[in-house]
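Asks: Quick one: the structure is below, and I'll ask about it shortly.
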Amino acid sequence: MEAHLTEWLNLSIRWIHMITGVAWIGASFYFVWLENNLNRSNPRDGLSGDLWAIHGGGIYHLEKYKLAPPKMPENLHWFKWEAYFTWLSGVALMLVVYYLNPSLYLVKPGVDLAPELAIVIGFGSMICGYVAYHFLCDSALGKRPALLGAVLFILLIAAAYGFSHIFSGRAAYIHVGAIIGTIMVGNVFFTIMPAQRALVKAIEDGTTPDPKLPAKGLLRSRHNNYFTLPVLFIMISNHFPSTYGSQYNWLILAGIAILAVLVRHYFNTRHDSNKYVWTLPAAALGMICLAFVTGPSMKAAPAPAPKAAEITYAPVPATAVSANPATETAEPASRVAEPVATAVAGVEFAKVNSVIQERCSVCHSATPSSPMFSVAPLGFMLDTPEQIKGQAAKIHAQSVASQIMPLGNITQMTQEERDLIGAWIDQGAQIN
């Protein structure tokens, strides 16, 4: 029952995070589009531009004042709660998924890092990330947008590189996204909203508003706009182990972030000209290149299996043990006494099935024995030979190529067992 309730808590928070995130990002996209498409030729006195639009069966006329109208309207909508609830629900989701099970989901297998310290590093990085960003924006560097963007990019990828050495691949990506999300909500709370409140107060008091504050708020809003696509990628990345599960996951994140920013820049500037239209085919080509370089290494076709009489076994003393490099625990001798010719000989499915049932089916079963799950995660079951053969490609991606499964290597799958499964799949994943 506890696992079932945790799953529904995860689902509920994730759904709230998605709903509020869509509302926030949608508003960000819309207002940047609106700002870029205002008609600024001969605007009415006091306006900086206006826009006519049609949507949903109605025609709208939107006007932007240079600073503010002479008198404030009775009803003024503030765009803030979308940002606040997106961040709060995101932190709650990190708590449920990563911080309640830090040994399983947060800390990288084989890394000697106390779970409590890992949580402090994860949450502290969000706060430190915003403080560093705010300092850079208010420094002389803030007046050079391109250079500021480059410095921020380098710092974020440096964080991804550092996280990849202590956190699991998924956790490393999510914490980079959490830093960006904290910067974005910090911009709303500490810069954009105070500027808007000062503007409204000045109008109510009959004083001249300070134009520097709205300009600063607009700049931070544009920063948020460029952050959105990398954050959206990070939100969906946990479904794609070829990204976060790669040995070079931080470089993959860097590449995709660059492509995302280029695409966003085209949409932000296409009202003015199409000189950045090249970013769209460049992004498509970049994704193809990333797919190619992150693919599993091409292996030579396996050598023909020798005859049974030619398969030799290494002599193993009855008391021999083998160290598991991921957990530094001893493995019984029965797991060491494998055929020397396993890598080239035809691998018996019985041995593969034994490993999968012991290491994988504790979770991925119609009746999981793990207390963490009441049903198989993602409906991914490995109870029968047919199920195992049908999921061979995913097994290879998760347990052989990226080695992100089992989660936290909680069942202590050895490298020899991963190699055995890999060899079986390379040889056609036969179950007969």
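Ordering of the structure tokens sets the chain letters (A, B, ...), residue numbers begin anew at 1 in every chain, and ligands are numbered from 1 in the order given.
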Skipping near chain neighbours, those fewer than 5 positions away, what residues fall within 12 Å of Phe153 in chain A using only C-alpha atoms, listed as number ranges by chain?
Replies: A: 129, 133, 146-148, 158-160, 176, 180, 226-227, 230, 251, 253-258, 261
Asks: Can you pull out every residue from range 82-295 of chain A that DSSP, working from the backbone, puts in alpha helix (DSSP H), and format the result as a PyMOL selection string?
Replies: chain A and resi 82-94+115-138+145-166+169-186+193-205+212-237+241-244+249-269+279-293
Asks: Could you please take those selected residues and save C-alpha atoms as a short mmCIF file (atom, residue, chain, number, x, y, z; two decimals), in the first residue's frame?
Replies:
```cif
data_model
loop_
_atom_site.label_atom_id
_atom_site.label_comp_id
_atom_site.auth_asym_id
_atom_site.auth_seq_id
_atom_site.Cartn_x
_atom_site.Cartn_y
_atom_site.Cartn_z
CA GLU A 82 2.13 30.10 -12.69
CA ALA A 83 5.83 30.59 -11.98
CA TYR A 84 5.56 30.10 -8.23
CA PHE A 85 3.51 26.91 -8.40
CA THR A 86 5.72 25.46 -11.13
CA TRP A 87 8.77 25.86 -8.91
CA LEU A 88 7.04 24.67 -5.73
CA SER A 89 5.62 21.58 -7.43
CA GLY A 90 9.02 20.89 -9.01
CA VAL A 91 10.74 20.99 -5.63
CA ALA A 92 8.02 18.75 -4.18
CA LEU A 93 8.56 16.29 -7.05
CA MET A 94 12.31 16.23 -6.42
CA PRO A 115 22.66 10.51 1.20
CA GLU A 116 22.20 13.49 3.52
CA LEU A 117 25.20 15.25 1.97
CA ALA A 118 23.90 14.49 -1.52
CA ILE A 119 20.59 16.19 -0.65
CA VAL A 120 22.41 19.23 0.74
CA ILE A 121 24.51 19.47 -2.44
CA GLY A 122 21.44 19.11 -4.65
CA PHE A 123 19.28 21.70 -2.90
CA GLY A 124 22.19 24.02 -2.17
CA SER A 125 23.16 24.09 -5.85
CA MET A 126 19.77 25.58 -6.70
CA ILE A 127 20.25 28.47 -4.29
CA CYS A 128 23.90 29.05 -5.21
CA GLY A 129 23.00 28.94 -8.90
CA TYR A 130 20.51 31.78 -8.57
CA VAL A 131 22.85 33.89 -6.40
CA ALA A 132 25.66 33.52 -8.95
CA TYR A 133 23.32 34.36 -11.83
CA HIS A 134 21.92 37.44 -10.08
CA PHE A 135 25.43 38.68 -9.28
CA LEU A 136 26.56 38.26 -12.90
CA CYS A 137 23.49 40.05 -14.26
CA ASP A 138 24.07 43.03 -11.97
CA PRO A 145 24.23 39.87 -23.26
CA ALA A 146 26.14 37.52 -25.58
CA LEU A 147 29.12 37.23 -23.23
CA LEU A 148 26.82 36.85 -20.23
CA GLY A 149 24.99 34.03 -22.00
CA ALA A 150 28.27 32.27 -22.78
CA VAL A 151 29.45 32.51 -19.17
CA LEU A 152 26.12 31.22 -17.84
CA PHE A 153 26.22 28.34 -20.32
CA ILE A 154 29.74 27.34 -19.24
CA LEU A 155 28.78 27.48 -15.55
CA LEU A 156 25.67 25.34 -16.08
CA ILE A 157 27.55 22.71 -18.08
CA ALA A 158 30.29 22.73 -15.42
CA ALA A 159 27.55 21.98 -12.89
CA ALA A 160 26.28 19.14 -15.11
CA TYR A 161 29.82 17.74 -15.33
CA GLY A 162 30.20 17.86 -11.55
CA PHE A 163 26.79 16.32 -10.92
CA SER A 164 27.55 13.47 -13.35
CA HIS A 165 30.34 12.30 -11.05
CA ILE A 166 28.25 12.07 -7.88
CA GLY A 169 22.41 10.40 -14.76
CA ARG A 170 18.74 11.25 -14.25
CA ALA A 171 19.45 13.14 -11.04
CA ALA A 172 22.31 15.07 -12.66
CA TYR A 173 20.04 16.29 -15.46
CA ILE A 174 17.17 17.11 -13.12
CA HIS A 175 19.38 19.19 -10.84
CA VAL A 176 20.68 21.24 -13.76
CA GLY A 177 17.04 21.82 -14.66
CA ALA A 178 16.33 22.72 -11.03
CA ILE A 179 19.08 25.35 -11.08
CA ILE A 180 17.64 26.88 -14.25
CA GLY A 181 14.11 26.71 -12.86
CA THR A 182 15.23 28.44 -9.66
CA ILE A 183 16.89 31.18 -11.70
CA MET A 184 13.67 31.63 -13.66
CA VAL A 185 11.38 31.83 -10.64
CA GLY A 186 13.94 34.02 -8.88
CA MET A 193 7.37 41.48 -9.78
CA PRO A 194 9.12 44.27 -7.76
CA ALA A 195 9.54 46.26 -10.99
CA GLN A 196 5.86 45.85 -11.78
CA ARG A 197 4.80 46.79 -8.24
CA ALA A 198 6.98 49.93 -8.36
CA LEU A 199 5.42 50.88 -11.68
CA VAL A 200 1.87 50.50 -10.36
CA LYS A 201 2.68 52.34 -7.11
CA ALA A 202 4.19 55.26 -9.00
CA ILE A 203 1.04 55.64 -11.07
CA GLU A 204 -1.19 55.42 -8.00
CA ASP A 205 0.96 58.04 -6.21
CA LYS A 212 15.00 51.38 -15.50
CA LEU A 213 13.02 48.90 -13.41
CA PRO A 214 10.57 47.80 -16.16
CA ALA A 215 13.51 47.54 -18.59
CA LYS A 216 15.34 45.30 -16.12
CA GLY A 217 12.24 43.18 -15.68
CA LEU A 218 11.84 42.82 -19.45
CA LEU A 219 15.47 41.70 -19.76
CA ARG A 220 15.06 39.01 -17.10
CA SER A 221 11.84 37.91 -18.79
CA ARG A 222 13.79 37.42 -22.01
CA HIS A 223 16.37 35.37 -20.12
CA ASN A 224 13.55 33.15 -18.88
CA ASN A 225 12.31 32.79 -22.42
CA TYR A 226 15.66 31.39 -23.61
CA PHE A 227 15.85 29.04 -20.63
CA THR A 228 12.53 27.37 -21.40
CA LEU A 229 13.50 24.91 -24.15
CA PRO A 230 16.52 23.44 -22.30
CA VAL A 231 14.31 23.03 -19.22
CA LEU A 232 11.60 21.32 -21.27
CA PHE A 233 14.17 18.89 -22.65
CA ILE A 234 15.40 18.08 -19.14
CA MET A 235 11.79 17.46 -18.04
CA ILE A 236 11.35 14.73 -20.66
CA SER A 237 14.93 13.41 -20.67
CA PRO A 241 18.58 6.71 -21.25
CA SER A 242 20.76 7.25 -24.32
CA THR A 243 21.10 10.86 -23.12
CA TYR A 244 21.41 10.89 -19.34
CA ASN A 249 25.80 12.85 -20.57
CA TRP A 250 26.96 16.35 -19.66
CA LEU A 251 28.27 16.91 -23.20
CA ILE A 252 25.01 15.64 -24.67
CA LEU A 253 23.13 18.09 -22.46
CA ALA A 254 25.43 20.89 -23.63
CA GLY A 255 24.79 20.04 -27.28
CA ILE A 256 21.02 19.86 -26.93
CA ALA A 257 20.97 23.09 -24.89
CA ILE A 258 22.85 24.93 -27.66
CA LEU A 259 20.44 23.62 -30.29
CA ALA A 260 17.43 24.58 -28.14
CA VAL A 261 18.68 28.14 -27.61
CA LEU A 262 19.37 28.54 -31.35
CA VAL A 263 15.82 27.44 -32.19
CA ARG A 264 14.37 29.75 -29.55
CA HIS A 265 16.43 32.63 -30.94
CA TYR A 266 15.00 32.11 -34.40
CA PHE A 267 11.41 32.26 -33.11
CA ASN A 268 12.26 35.32 -31.02
CA THR A 269 13.70 37.20 -33.99
CA THR A 279 19.11 27.45 -37.01
CA LEU A 280 16.20 25.11 -37.77
CA PRO A 281 18.01 22.78 -40.22
CA ALA A 282 21.16 23.17 -38.08
CA ALA A 283 19.24 21.95 -35.04
CA ALA A 284 17.82 19.01 -37.00
CA LEU A 285 21.31 18.09 -38.24
CA GLY A 286 22.66 18.49 -34.71
CA MET A 287 20.09 16.05 -33.33
CA ILE A 288 21.00 13.53 -36.05
CA CYS A 289 24.67 13.87 -35.15
CA LEU A 290 23.92 13.42 -31.44
CA ALA A 291 21.86 10.32 -32.21
CA PHE A 292 24.79 8.92 -34.19
CA VAL A 293 27.56 9.63 -31.69
#
```
Asks: Mind dumping a table of every range 393-431 of chain A residue within 6 Å of range 344-358 of chain A, with the nearest atom pair and its distance in Å to one decimal, using only C-alpha atoms, sorted by chain and rising number, as JSON lines?
Replies:
```
{"residue": "A:Ile421", "atom": "CA", "partner": "A:Val352", "partner_atom": "CA", "distance": 5.9}
{"residue": "A:Trp424", "atom": "CA", "partner": "A:Val347", "partner_atom": "CA", "distance": 5.4}
{"residue": "A:Ile431", "atom": "CA", "partner": "A:Phe349", "partner_atom": "CA", "distance": 5.5}
```
Asks: Could you pull the residues within 7 Å of Lys108 in chain A, counting only C-alpha atoms, minus those fewer than 6 positions along the same chain, as a ChimeraX atom specification?
Replies: /A:166-168,408
